[in-house]
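Novice: File name upload-v3.pdb; file contents PDB, C-alpha atoms; full text below.
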ATOM      1  CA  MET A  20     -26.439 -29.540  -3.446
ATOM      2  CA  ASN A  21     -23.642 -27.046  -3.932
ATOM      3  CA  ASN A  22     -23.168 -24.215  -1.485
ATOM      4  CA  TYR A  23     -23.938 -20.733  -2.828
ATOM      5  CA  HIS A  24     -20.363 -19.729  -1.998
ATOM      6  CA  ASP A  25     -19.241 -21.938  -4.891
ATOM      7  CA  TYR A  26     -21.115 -19.700  -7.321
ATOM      8  CA  LEU A  27     -20.152 -16.382  -5.710
ATOM      9  CA  PRO A  28     -16.944 -15.833  -7.729
ATOM     10  CA  ILE A  29     -18.808 -16.479 -11.002
ATOM     11  CA  LEU A  30     -21.618 -14.134  -9.957
ATOM     12  CA  LEU A  31     -19.237 -11.320  -9.004
ATOM     13  CA  CYS A  32     -17.241 -11.669 -12.212
ATOM     14  CA  GLY A  33     -20.481 -11.563 -14.190
ATOM     15  CA  LEU A  34     -21.586  -8.419 -12.374
ATOM     16  CA  SER A  35     -18.293  -6.697 -13.202
ATOM     17  CA  ILE A  36     -19.370  -6.277 -16.848
ATOM     18  CA  PRO A  37     -22.637  -4.340 -16.310
ATOM     19  CA  LEU A  38     -21.079  -2.478 -13.385
ATOM     20  CA  SER A  39     -18.142  -1.314 -15.494
ATOM     21  CA  MET A  40     -20.487  -0.256 -18.316
ATOM     22  CA  PHE A  41     -22.624   1.694 -15.845
ATOM     23  CA  MET A  42     -19.565   3.558 -14.520
ATOM     24  CA  TRP A  43     -18.378   4.251 -18.073
ATOM     25  CA  LEU A  44     -21.740   5.785 -19.002
ATOM     26  CA  GLY A  45     -21.660   7.868 -15.832
ATOM     27  CA  ASN A  46     -18.176   9.114 -16.671
ATOM     28  CA  LEU A  47     -19.280   9.899 -20.238
ATOM     29  CA  ALA A  48     -22.287  11.888 -19.011
ATOM     30  CA  PHE A  49     -20.220  13.768 -16.437
ATOM     31  CA  THR A  50     -17.611  14.712 -19.021
ATOM     32  CA  PHE A  51     -20.304  15.872 -21.470
ATOM     33  CA  VAL A  52     -21.906  18.122 -18.838
ATOM     34  CA  THR A  53     -18.649  19.610 -17.527
ATOM     35  CA  THR A  54     -17.364  20.391 -21.037
ATOM     36  CA  ASN A  55     -20.740  21.635 -22.381
ATOM     37  CA  GLY A  56     -20.677  18.976 -25.038
ATOM     38  CA  GLN A  57     -17.344  20.125 -26.467
ATOM     39  CA  GLN A  58     -14.404  17.871 -27.261
ATOM     40  CA  ASN A  59     -11.885  17.750 -24.440
ATOM     41  CA  ASP A  60      -8.264  17.526 -25.483
ATOM     42  CA  ASP A  61      -7.425  16.235 -22.009
ATOM     43  CA  ASP A  62      -9.320  13.029 -22.831
ATOM     44  CA  ARG A  63     -11.139  12.692 -19.529
ATOM     45  CA  VAL A  64     -13.464   9.959 -20.832
ATOM     46  CA  ILE A  65     -12.356   6.563 -19.529
ATOM     47  CA  THR A  66     -12.785   3.750 -22.079
ATOM     48  CA  PRO A  67     -15.150   0.816 -21.437
ATOM     49  CA  LEU A  68     -12.198  -1.597 -21.546
ATOM     50  CA  ARG A  69     -10.442   0.300 -18.761
ATOM     51  CA  TRP A  70     -13.622   0.344 -16.685
ATOM     52  CA  LEU A  71     -13.957  -3.422 -17.186
ATOM     53  CA  PHE A  72     -10.363  -4.170 -16.189
ATOM     54  CA  SER A  73     -10.547  -1.743 -13.257
ATOM     55  CA  THR A  74     -13.621  -3.566 -11.978
ATOM     56  CA  LEU A  75     -12.727  -7.171 -12.767
ATOM     57  CA  ALA A  76      -9.103  -7.157 -11.555
ATOM     58  CA  PRO A  77      -9.943  -5.682  -8.098
ATOM     59  CA  LEU A  78     -12.833  -8.160  -7.772
ATOM     60  CA  LEU A  79     -10.502 -11.074  -8.439
ATOM     61  CA  LEU A  80      -7.952  -9.664  -5.997
ATOM     62  CA  MET A  81     -10.631  -9.200  -3.337
ATOM     63  CA  MET A  82     -12.004 -12.730  -3.811
ATOM     64  CA  TYR A  83      -8.531 -14.212  -3.583
ATOM     65  CA  GLY A  84      -7.839 -12.344  -0.338
ATOM     66  CA  TRP A  85     -11.190 -13.374   1.141
ATOM     67  CA  LYS A  86     -10.820 -17.026   0.148
ATOM     68  CA  ARG A  87      -7.309 -17.161   1.616
ATOM     69  CA  LYS A  88      -8.569 -15.441   4.792
ATOM     70  CA  GLY A  89      -6.149 -12.581   4.309
ATOM     71  CA  VAL A  90      -8.996 -10.087   4.845
ATOM     72  CA  ASN A  91     -12.402 -10.258   6.465
ATOM     73  CA  LYS A  92     -15.635  -9.074   4.835
ATOM     74  CA  SER A  93     -15.199  -5.416   5.782
ATOM     75  CA  GLY A  94     -11.576  -5.444   4.644
ATOM     76  CA  ALA A  95     -12.491  -7.071   1.333
ATOM     77  CA  ALA A  96     -15.322  -4.614   0.644
ATOM     78  CA  PHE A  97     -13.308  -1.519   1.538
ATOM     79  CA  GLY A  98     -10.262  -2.865  -0.267
ATOM     80  CA  LEU A  99     -12.364  -3.400  -3.395
ATOM     81  CA  VAL A 100     -13.387   0.259  -3.471
ATOM     82  CA  ILE A 101      -9.797   1.417  -2.994
ATOM     83  CA  ALA A 102      -8.477  -1.011  -5.629
ATOM     84  CA  ILE A 103     -11.012   0.232  -8.197
ATOM     85  CA  ILE A 104     -10.025   3.845  -7.551
ATOM     86  CA  LEU A 105      -6.330   3.033  -7.883
ATOM     87  CA  SER A 106      -6.786   1.002 -11.068
ATOM     88  CA  ILE A 107      -8.915   3.619 -12.806
ATOM     89  CA  ALA A 108      -6.317   6.278 -12.026
ATOM     90  CA  SER A 109      -3.307   4.184 -13.097
ATOM     91  CA  HIS A 110      -2.657   0.465 -13.368
ATOM     92  CA  ALA A 111       0.746   1.145 -11.795
ATOM     93  CA  PHE A 112      -1.086   2.121  -8.599
ATOM     94  CA  LEU A 113      -3.039  -1.158  -8.628
ATOM     95  CA  ALA A 114       0.198  -3.085  -9.219
ATOM     96  CA  SER A 115       1.680  -1.403  -6.145
ATOM     97  CA  LEU A 116      -1.342  -2.376  -4.048
ATOM     98  CA  ALA A 117      -1.318  -5.981  -5.290
ATOM     99  CA  THR A 118       2.408  -6.338  -4.652
ATOM    100  CA  PHE A 119       1.983  -4.947  -1.145
ATOM    101  CA  TYR A 120      -0.885  -7.327  -0.397
ATOM    102  CA  PHE A 121       0.743 -10.511  -1.694
ATOM    103  CA  THR A 122       4.220  -9.942  -0.269
ATOM    104  CA  SER A 123       3.106  -8.559   3.096
ATOM    105  CA  SER A 124       0.640 -11.433   3.557
ATOM    106  CA  ARG A 125       3.399 -13.952   3.006
ATOM    107  CA  ALA A 126       5.685 -12.046   5.355
ATOM    108  CA  THR A 127       3.024 -11.982   8.070
ATOM    109  CA  LYS A 128       2.529 -15.755   7.924
ATOM    110  CA  PHE A 129       6.267 -16.487   7.863
ATOM    111  CA  GLY A 130       7.539 -17.956  11.141
ATOM    112  CA  SER A 131       4.116 -18.007  12.813
ATOM    113  CA  LYS A 132       5.113 -20.363  15.622
ATOM    114  CA  LYS A 133       8.012 -18.177  16.672
ATOM    115  CA  LYS A 134       5.891 -15.000  16.594
ATOM    116  CA  GLN A 135       3.213 -16.567  18.817
ATOM    117  CA  LYS A 136       5.766 -16.796  21.612
ATOM    118  CA  ILE A 137       6.670 -13.104  21.260
ATOM    119  CA  GLU A 138       3.444 -11.209  20.495
ATOM    120  CA  SER A 139       0.364 -11.591  22.675
ATOM    121  CA  ASP A 140      -2.084 -10.666  19.884
ATOM    122  CA  PHE A 141      -0.457 -12.539  16.980
ATOM    123  CA  LYS A 142      -3.038 -14.336  14.810
ATOM    124  CA  GLY A 143      -0.872 -15.678  12.026
ATOM    125  CA  GLY A 144      -2.347 -13.314   9.454
ATOM    126  CA  GLU A 145      -5.619 -15.269   9.237
ATOM    127  CA  GLY A 146      -8.508 -12.869   8.744
ATOM    128  CA  LYS A 147      -6.360 -10.179  10.274
ATOM    129  CA  ARG A 148      -6.962  -7.284   7.900
ATOM    130  CA  ASN A 149     -10.235  -5.436   8.437
ATOM    131  CA  TRP A 150     -11.401  -2.181   6.881
ATOM    132  CA  ILE A 151      -9.468  -0.109   9.422
ATOM    133  CA  GLN A 152      -6.185  -1.772   8.501
ATOM    134  CA  VAL A 153      -6.948  -1.399   4.806
ATOM    135  CA  LEU A 154      -7.684   2.287   5.339
ATOM    136  CA  CYS A 155      -4.474   2.880   7.314
ATOM    137  CA  ASN A 156      -2.273   1.146   4.732
ATOM    138  CA  ALA A 157      -3.965   2.257   1.492
ATOM    139  CA  GLY A 158      -6.265   5.143   2.360
ATOM    140  CA  PHE A 159      -3.742   7.924   1.718
ATOM    141  CA  ALA A 160      -2.726   6.346  -1.607
ATOM    142  CA  ALA A 161      -6.388   6.220  -2.646
ATOM    143  CA  GLN A 162      -6.792   9.911  -1.777
ATOM    144  CA  LEU A 163      -3.776  10.817  -3.903
ATOM    145  CA  ALA A 164      -5.201   8.671  -6.714
ATOM    146  CA  LEU A 165      -8.400  10.716  -6.636
ATOM    147  CA  PHE A 166      -6.318  13.908  -6.877
ATOM    148  CA  TYR A 167      -4.446  12.293  -9.774
ATOM    149  CA  MET A 168      -7.686  11.649 -11.685
ATOM    150  CA  LEU A 169      -9.072  15.114 -11.009
ATOM    151  CA  ASP A 170      -5.866  16.926 -11.939
ATOM    152  CA  CYS A 171      -4.247  14.699 -14.571
ATOM    153  CA  GLY A 172      -6.990  12.393 -15.808
ATOM    154  CA  SER A 173      -6.878   8.617 -16.017
ATOM    155  CA  GLY A 174      -3.980   6.637 -17.442
ATOM    156  CA  GLU A 175      -0.384   5.605 -16.934
ATOM    157  CA  ARG A 176       2.261   8.290 -17.235
ATOM    158  CA  PRO A 177       6.047   8.172 -17.006
ATOM    159  CA  ILE A 178       7.791   9.885 -14.114
ATOM    160  CA  ASP A 179       9.185  13.168 -15.404
ATOM    161  CA  PHE A 180       9.308  16.120 -13.008
ATOM    162  CA  VAL A 181      10.184  18.508 -15.830
ATOM    163  CA  LYS A 182       7.427  17.730 -18.339
ATOM    164  CA  GLN A 183       4.778  16.145 -16.086
ATOM    165  CA  TYR A 184       5.401  17.518 -12.630
ATOM    166  CA  ARG A 185       1.982  16.991 -11.002
ATOM    167  CA  SER A 186       1.405  13.440 -12.222
ATOM    168  CA  SER A 187       4.995  12.529 -11.282
ATOM    169  CA  TRP A 188       4.607  14.026  -7.789
ATOM    170  CA  LEU A 189       1.364  12.137  -7.169
ATOM    171  CA  GLY A 190       2.689   8.923  -8.708
ATOM    172  CA  ILE A 191       5.811   8.883  -6.531
ATOM    173  CA  GLY A 192       3.657   9.755  -3.513
ATOM    174  CA  ILE A 193       1.349   6.776  -4.078
ATOM    175  CA  MET A 194       4.210   4.378  -4.796
ATOM    176  CA  SER A 195       6.079   5.592  -1.714
ATOM    177  CA  SER A 196       3.043   5.208   0.521
ATOM    178  CA  PHE A 197       2.776   1.528  -0.402
ATOM    179  CA  ALA A 198       6.565   1.118  -0.181
ATOM    180  CA  CYS A 199       6.413   2.474   3.367
ATOM    181  CA  SER A 200       3.740  -0.042   4.387
ATOM    182  CA  ASN A 201       5.494  -2.928   2.690
ATOM    183  CA  GLY A 202       8.929  -2.019   4.016
ATOM    184  CA  ASP A 203       7.642  -1.737   7.565
ATOM    185  CA  THR A 204       5.805  -5.066   7.260
ATOM    186  CA  TRP A 205       8.885  -6.852   5.941
ATOM    187  CA  ALA A 206      11.021  -5.328   8.691
ATOM    188  CA  SER A 207       8.672  -6.229  11.538
ATOM    189  CA  GLU A 208       7.375  -9.596  10.309
ATOM    190  CA  LEU A 209      10.544 -11.021   8.741
ATOM    191  CA  GLY A 210      13.086  -9.199  10.875
ATOM    192  CA  THR A 211      11.532 -10.598  14.059
ATOM    193  CA  VAL A 212      12.082 -14.148  12.818
ATOM    194  CA  LEU A 213      15.320 -13.831  10.839
ATOM    195  CA  GLY A 214      17.169 -11.546  13.235
ATOM    196  CA  SER A 215      19.704 -13.172  15.539
ATOM    197  CA  GLY A 216      19.441 -11.101  18.671
ATOM    198  CA  ASP A 217      17.327  -8.542  20.438
ATOM    199  CA  PRO A 218      16.679  -5.320  18.494
ATOM    200  CA  PHE A 219      17.570  -1.883  19.814
ATOM    201  CA  LEU A 220      15.161   0.991  20.439
ATOM    202  CA  ILE A 221      15.607   3.465  17.604
ATOM    203  CA  THR A 222      15.445   6.494  19.907
ATOM    204  CA  THR A 223      17.900   5.336  22.599
ATOM    205  CA  ARG A 224      19.764   2.398  20.991
ATOM    206  CA  LYS A 225      18.996   0.403  24.142
ATOM    207  CA  ARG A 226      18.433  -3.325  23.618
ATOM    208  CA  VAL A 227      14.753  -4.284  23.925
ATOM    209  CA  PRO A 228      12.812  -7.570  23.557
ATOM    210  CA  ARG A 229      11.702  -8.649  20.088
ATOM    211  CA  GLY A 230       8.303  -7.291  19.103
ATOM    212  CA  THR A 231       8.786  -3.977  20.943
ATOM    213  CA  ASN A 232       7.309  -1.023  19.078
ATOM    214  CA  GLY A 233      10.175   1.097  17.806
ATOM    215  CA  GLY A 234      12.671  -1.735  18.082
ATOM    216  CA  VAL A 235      14.880  -2.057  15.002
ATOM    217  CA  SER A 236      17.732  -4.243  13.816
ATOM    218  CA  TYR A 237      20.150  -3.994  10.939
ATOM    219  CA  VAL A 238      18.487  -7.039   9.384
ATOM    220  CA  GLY A 239      15.089  -5.354   9.699
ATOM    221  CA  LEU A 240      16.311  -2.121   8.119
ATOM    222  CA  PHE A 241      17.855  -4.141   5.298
ATOM    223  CA  LEU A 242      14.550  -5.957   4.754
ATOM    224  CA  SER A 243      12.568  -2.707   4.812
ATOM    225  CA  PHE A 244      14.656  -1.449   1.889
ATOM    226  CA  PHE A 245      13.923  -4.587  -0.109
ATOM    227  CA  GLY A 246      10.237  -4.454   0.835
ATOM    228  CA  GLY A 247      10.055  -0.993  -0.712
ATOM    229  CA  LEU A 248      12.180  -2.177  -3.628
ATOM    230  CA  ALA A 249       9.515  -4.780  -4.485
ATOM    231  CA  ILE A 250       6.921  -2.001  -4.823
ATOM    232  CA  GLY A 251       9.314   0.034  -6.965
ATOM    233  CA  VAL A 252       9.877  -2.924  -9.301
ATOM    234  CA  ALA A 253       6.117  -3.471  -9.715
ATOM    235  CA  TYR A 254       5.547   0.225 -10.467
ATOM    236  CA  TYR A 255       8.480   0.370 -12.900
ATOM    237  CA  LEU A 256       7.427  -2.728 -14.859
ATOM    238  CA  THR A 257       3.859  -1.477 -15.176
ATOM    239  CA  ILE A 258       5.036   1.874 -16.522
ATOM    240  CA  ILE A 259       7.445   0.222 -18.973
ATOM    241  CA  TYR A 260       4.802  -2.115 -20.396
ATOM    242  CA  THR A 261       1.769   0.202 -20.432
ATOM    243  CA  VAL A 262       3.068   3.631 -21.437
ATOM    244  CA  GLU A 263       3.492   4.199 -25.161
ATOM    245  CA  HIS A 264       7.074   3.884 -26.354
ATOM    246  CA  HIS A 265       7.290   7.377 -27.850
ATOM    247  CA  LEU A 266       6.278   8.918 -24.517
ATOM    248  CA  LEU A 267       8.911   6.909 -22.675
ATOM    249  CA  SER A 268      11.592   7.890 -25.186
ATOM    250  CA  MET A 269      10.862  11.592 -24.604
ATOM    251  CA  SER A 270      10.742  11.302 -20.808
ATOM    252  CA  ALA A 271      13.341  11.016 -18.101
ATOM    253  CA  ARG A 272      14.839   7.629 -17.297
ATOM    254  CA  GLN A 273      12.412   5.411 -15.386
ATOM    255  CA  TRP A 274      14.740   2.953 -13.615
ATOM    256  CA  PRO A 275      15.192   5.273 -10.570
ATOM    257  CA  ILE A 276      11.601   4.358  -9.626
ATOM    258  CA  ILE A 277      12.960   1.059  -8.321
ATOM    259  CA  LEU A 278      15.637   2.724  -6.218
ATOM    260  CA  PHE A 279      13.269   5.333  -4.793
ATOM    261  CA  GLY A 280      10.883   2.529  -3.867
ATOM    262  CA  GLY A 281      13.613   0.989  -1.738
ATOM    263  CA  VAL A 282      14.457   4.349  -0.165
ATOM    264  CA  ALA A 283      10.769   4.916   0.616
ATOM    265  CA  GLY A 284      10.574   1.511   2.300
ATOM    266  CA  LEU A 285      13.586   2.309   4.469
ATOM    267  CA  ILE A 286      12.503   5.862   5.343
ATOM    268  CA  GLY A 287       8.936   4.752   6.024
ATOM    269  CA  SER A 288      10.127   2.001   8.354
ATOM    270  CA  VAL A 289      12.342   4.454  10.262
ATOM    271  CA  ILE A 290       9.476   6.951  10.607
ATOM    272  CA  ASP A 291       7.179   4.168  11.816
ATOM    273  CA  SER A 292       9.775   3.052  14.361
ATOM    274  CA  VAL A 293      10.370   6.563  15.741
ATOM    275  CA  ILE A 294       6.637   7.150  16.195
ATOM    276  CA  GLY A 295       6.184   3.657  17.648
ATOM    277  CA  ALA A 296       9.001   4.145  20.149
ATOM    278  CA  THR A 297       7.582   7.421  21.476
ATOM    279  CA  LEU A 298       3.815   7.536  20.995
ATOM    280  CA  GLN A 299       2.938   3.828  21.199
ATOM    281  CA  TYR A 300       3.049   1.872  24.446
ATOM    282  CA  SER A 301       5.157  -1.263  24.734
ATOM    283  CA  GLY A 302       5.267  -3.466  27.802
ATOM    284  CA  GLN A 303       6.183  -7.033  28.721
ATOM    285  CA  ASP A 304       3.865  -9.295  30.715
ATOM    286  CA  VAL A 305       4.814 -12.140  33.032
ATOM    287  CA  THR A 306       4.892 -14.628  30.149
ATOM    288  CA  GLY A 307       7.488 -12.538  28.322
ATOM    289  CA  ARG A 308       5.136 -11.423  25.541
ATOM    290  CA  ILE A 309       4.949  -7.833  24.302
ATOM    291  CA  VAL A 310       1.662  -6.033  25.065
ATOM    292  CA  GLU A 311       0.409  -2.595  24.037
ATOM    293  CA  LYS A 312      -1.622  -1.822  27.153
ATOM    294  CA  PRO A 313      -0.366  -1.122  30.681
ATOM    295  CA  GLY A 314      -1.700  -3.390  33.371
ATOM    296  CA  LYS A 315      -0.928  -5.434  36.441
ATOM    297  CA  ASN A 316       2.401  -7.237  36.268
ATOM    298  CA  VAL A 317       3.238  -5.502  32.970
ATOM    299  CA  LYS A 318       6.732  -4.021  32.791
ATOM    300  CA  HIS A 319       6.920  -0.785  30.814
ATOM    301  CA  ILE A 320       9.541  -0.828  28.051
ATOM    302  CA  SER A 321       8.962   2.295  25.962
ATOM    303  CA  GLY A 322       6.480   4.840  24.672
ATOM    304  CA  PHE A 323       3.228   6.381  25.849
ATOM    305  CA  ARG A 324      -0.228   5.046  25.129
ATOM    306  CA  ILE A 325      -1.239   7.789  22.688
ATOM    307  CA  LEU A 326      -1.453   5.990  19.337
ATOM    308  CA  ASP A 327      -2.241   2.410  18.381
ATOM    309  CA  ASN A 328      -0.544   0.426  15.633
ATOM    310  CA  HIS A 329      -3.145   1.424  13.015
ATOM    311  CA  SER A 330      -2.618   5.129  13.680
ATOM    312  CA  VAL A 331       1.154   4.740  13.479
ATOM    313  CA  ASN A 332       0.859   2.969  10.118
ATOM    314  CA  LEU A 333      -1.424   5.680   8.744
ATOM    315  CA  ILE A 334       0.785   8.572   9.866
ATOM    316  CA  SER A 335       3.905   6.855   8.533
ATOM    317  CA  SER A 336       2.373   6.246   5.104
ATOM    318  CA  ILE A 337       1.213   9.877   4.904
ATOM    319  CA  LEU A 338       4.584  11.326   5.880
ATOM    320  CA  THR A 339       6.461   9.037   3.515
ATOM    321  CA  GLY A 340       4.043   9.820   0.683
ATOM    322  CA  ILE A 341       4.729  13.532   1.188
ATOM    323  CA  ILE A 342       8.489  13.392   1.778
ATOM    324  CA  MET A 343       9.483  11.063  -1.066
ATOM    325  CA  PRO A 344       8.165  13.181  -3.983
ATOM    326  CA  TRP A 345      10.201  16.090  -2.601
ATOM    327  CA  ILE A 346      13.316  13.899  -2.460
ATOM    328  CA  ALA A 347      12.690  12.384  -5.899
ATOM    329  CA  HIS A 348      12.183  15.808  -7.468
ATOM    330  CA  ARG A 349      15.589  16.942  -6.272
ATOM    331  CA  CYS A 350      17.541  13.742  -6.786
ATOM    332  CA  TRP A 351      16.108  12.280 -10.003
ATOM    333  CA  PRO A 352      19.045  11.668 -12.368
TER     334      PRO A 352
END
Now that the file is in, can you turn its structure into structure tokens?
Specialist:
Amino acid sequence: MNNYHDYLPILLCGLSIPLSMFMWLGNLAFTFVTTNGQQNDDDRVITPLRWLFSTLAPLLLMMYGWKRKGVNKSGAAFGLVIAIILSIASHAFLASLATFYFTSSRATKFGSKKKQKIESDFKGGEGKRNWIQVLCNAGFAAQLALFYMLDCGSGERPIDFVKQYRSSWLGIGIMSSFACSNGDTWASELGTVLGSGDPFLITTRKRVPRGTNGGVSYVGLFLSFFGGLAIGVAYYLTIIYTVEHHLLSMSARQWPIILFGGVAGLIGSVIDSVIGATLQYSGQDVTGRIVEKPGKNVKHISGFRILDNHSVNLISSILTGIIMPWIAHRCWP
């Protein structure tokens, strides 16, 4: 007799159809009430096909993450809600989330044996992401996506700060938030393994053991740029292949999205490191592993025990998501 888990993916995919139709009808009714039955030139009604894709694609992404033990049940459920919000707002936002998940998961599992000797709480990425981690890495992006839908409607739009300022500001903010998370993950997870020496504390430039919060290396900073660049590429390709050609031809050049993704990854990683070096405790126990709580026989390295790693990630993604649109607005070629 087959286990019910074997039928769960089929059941969830089947439920995506009536669920998407239900949300489409709700959106239709809401639009009718808010416009008093009049036609809305802003086209706030989301099509059934978009509802279906924005339900089915996040479900498949969530099931993949759960099956591969990249997230636990709470992380999968909360991630599903966030993915649906992002996809309804713009498929470019969902592409950014998916790219962050896939690449950061691989980075976390890379060099597991070496990381176990450095970090006391390393788990190899198996079942590591719960709802709190999902919230800290994608919560701010989901909030901006809700603002995007309320202010600009649903759909993909090119980045153009002259003709479409608000949608461009929110789009760069969401992309940058994910670039920050991905850049920091690449720097910490890959830099720890690939780096050839102890990092230095970003606030004092003093050499510290690997795994210390706020410890950076030139290899890590390099990787953080490319981690953000991956998000920029995903966002750019989605815009190029989903936005109508005549809209792209009348808008500003879109290739800078890739570059600003890399810059967001680098800036986000630096912000994360500065906060981690000052407001997050790092110590070394008798086995040589890095711990985040003071205790007996724990040597203090840096920081105060004010924030944990989740809080640092959340603050970094928020600050990067606010700073980068300001930079992009002034530097877009």
Novice: Might you spell out which residues the PyMOL selection byres ((chain A and resi 344-348) around 6) would select in the displayed file, as a ChimeraX atom specification?
Specialist: /A:188,191-192,342-343,349-351
Novice: If the PyMOL selection byres ((chain A and resi 316-323) around 7) were run on this exact file, what residues would it hold? Put them as a PyMOL selection string.
Specialist: chain A and resi 296-305+313-315+324-325
Novice: Keeping C-alpha atoms, export the residues of the selection given above as a PDB file, keeping the file's coordinate frame.
Specialist:
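This went into again-v5.pdb:
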ATOM      1  CA  ALA A 296       9.001   4.145  20.149  1.00  0.00           C
ATOM      2  CA  THR A 297       7.582   7.421  21.476  1.00  0.00           C
ATOM      3  CA  LEU A 298       3.815   7.536  20.995  1.00  0.00           C
ATOM      4  CA  GLN A 299       2.938   3.828  21.199  1.00  0.00           C
ATOM      5  CA  TYR A 300       3.049   1.872  24.446  1.00  0.00           C
ATOM      6  CA  SER A 301       5.157  -1.263  24.734  1.00  0.00           C
ATOM      7  CA  GLY A 302       5.267  -3.466  27.802  1.00  0.00           C
ATOM      8  CA  GLN A 303       6.183  -7.033  28.721  1.00  0.00           C
ATOM      9  CA  ASP A 304       3.865  -9.295  30.715  1.00  0.00           C
ATOM     10  CA  VAL A 305       4.814 -12.140  33.032  1.00  0.00           C
ATOM     11  CA  PRO A 313      -0.366  -1.122  30.681  1.00  0.00           C
ATOM     12  CA  GLY A 314      -1.700  -3.390  33.371  1.00  0.00           C
ATOM     13  CA  LYS A 315      -0.928  -5.434  36.441  1.00  0.00           C
ATOM     14  CA  ARG A 324      -0.228   5.046  25.129  1.00  0.00           C
ATOM     15  CA  ILE A 325      -1.239   7.789  22.688  1.00  0.00           C
TER      16      ILE A 325
END
Novice: Near range 193-209 of chain A, within 6 Å and counting all atoms listed in the file, which residues show up once chain neighbours fewer than 4 positions away are dropped, as an MDAnalysis selection string?
Specialist: chainID A and resid 119 126:127 160 213 239 242:243 246:247 250 280 283:284 287:288 336 339:340
Novice: Produce the centre coordinates and the three edge lengths, each in Å to one decimal, of the box along x, y and z that contains all listed atoms of range 272-281 of chain A with 8 Å added on each side, as lines of an AutoDock Vina configuration file.
Specialist:
center_x = 13.3
center_y = 4.3
center_z = -9.5
size_x = 20.8
size_y = 22.6
size_z = 31.6
Novice: For the atom pair CA of Arg185 in chain A and CA of His110 in chain A, what is the interatomic distance in Å to one decimal place?
Specialist: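 Distance reported for this atom pair: 17.3 Å.
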Novice: Range 115-126 of chain A from the block above, N, CA, C and O atoms, as an mmCIF file, in the first residue's frame, please?
Specialist:
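Dumped everything to selection_12.cif:
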data_model
loop_
_atom_site.group_PDB
_atom_site.id
_atom_site.type_symbol
_atom_site.label_atom_id
_atom_site.label_comp_id
_atom_site.auth_asym_id
_atom_site.auth_seq_id
_atom_site.Cartn_x
_atom_site.Cartn_y
_atom_site.Cartn_z
ATOM 1 N N SER A 115 13.240 36.068 -8.477
ATOM 2 C CA SER A 115 14.270 36.464 -7.511
ATOM 3 C C SER A 115 14.253 35.548 -6.295
ATOM 4 O O SER A 115 15.305 35.114 -5.806
ATOM 5 N N LEU A 116 13.057 35.245 -5.797
ATOM 6 C CA LEU A 116 12.921 34.344 -4.654
ATOM 7 C C LEU A 116 13.446 32.952 -4.989
ATOM 8 O O LEU A 116 14.193 32.355 -4.205
ATOM 9 N N ALA A 117 13.045 32.413 -6.146
ATOM 10 C CA ALA A 117 13.468 31.071 -6.533
ATOM 11 C C ALA A 117 14.983 30.995 -6.702
ATOM 12 O O ALA A 117 15.619 30.020 -6.266
ATOM 13 N N THR A 118 15.566 32.016 -7.311
ATOM 14 C CA THR A 118 17.013 32.037 -7.494
ATOM 15 C C THR A 118 17.724 32.090 -6.150
ATOM 16 O O THR A 118 18.725 31.393 -5.929
ATOM 17 N N PHE A 119 17.203 32.898 -5.241
ATOM 18 C CA PHE A 119 17.780 32.964 -3.893
ATOM 19 C C PHE A 119 17.701 31.608 -3.206
ATOM 20 O O PHE A 119 18.688 31.126 -2.625
ATOM 21 N N TYR A 120 16.546 30.954 -3.287
ATOM 22 C CA TYR A 120 16.387 29.673 -2.601
ATOM 23 C C TYR A 120 17.339 28.614 -3.153
ATOM 24 O O TYR A 120 18.060 27.945 -2.396
ATOM 25 N N PHE A 121 17.338 28.442 -4.469
ATOM 26 C CA PHE A 121 18.144 27.371 -5.068
ATOM 27 C C PHE A 121 19.643 27.602 -4.868
ATOM 28 O O PHE A 121 20.377 26.685 -4.498
ATOM 29 N N THR A 122 20.108 28.817 -5.123
ATOM 30 C CA THR A 122 21.547 29.062 -5.032
ATOM 31 C C THR A 122 22.032 29.101 -3.588
ATOM 32 O O THR A 122 23.116 28.596 -3.281
ATOM 33 N N SER A 123 21.247 29.680 -2.695
ATOM 34 C CA SER A 123 21.671 29.742 -1.291
ATOM 35 C C SER A 123 21.645 28.363 -0.644
ATOM 36 O O SER A 123 22.481 28.058 0.214
ATOM 37 N N SER A 124 20.698 27.514 -1.051
ATOM 38 C CA SER A 124 20.639 26.152 -0.516
ATOM 39 C C SER A 124 21.880 25.364 -0.912
ATOM 40 O O SER A 124 22.468 24.637 -0.101
ATOM 41 N N ARG A 125 22.281 25.510 -2.165
ATOM 42 C CA ARG A 125 23.485 24.830 -2.617
ATOM 43 C C ARG A 125 24.726 25.377 -1.896
ATOM 44 O O ARG A 125 25.630 24.621 -1.537
ATOM 45 N N ALA A 126 24.744 26.673 -1.696
ATOM 46 C CA ALA A 126 25.888 27.281 -1.007
ATOM 47 C C ALA A 126 25.978 26.803 0.435
ATOM 48 O O ALA A 126 27.072 26.558 0.964
#
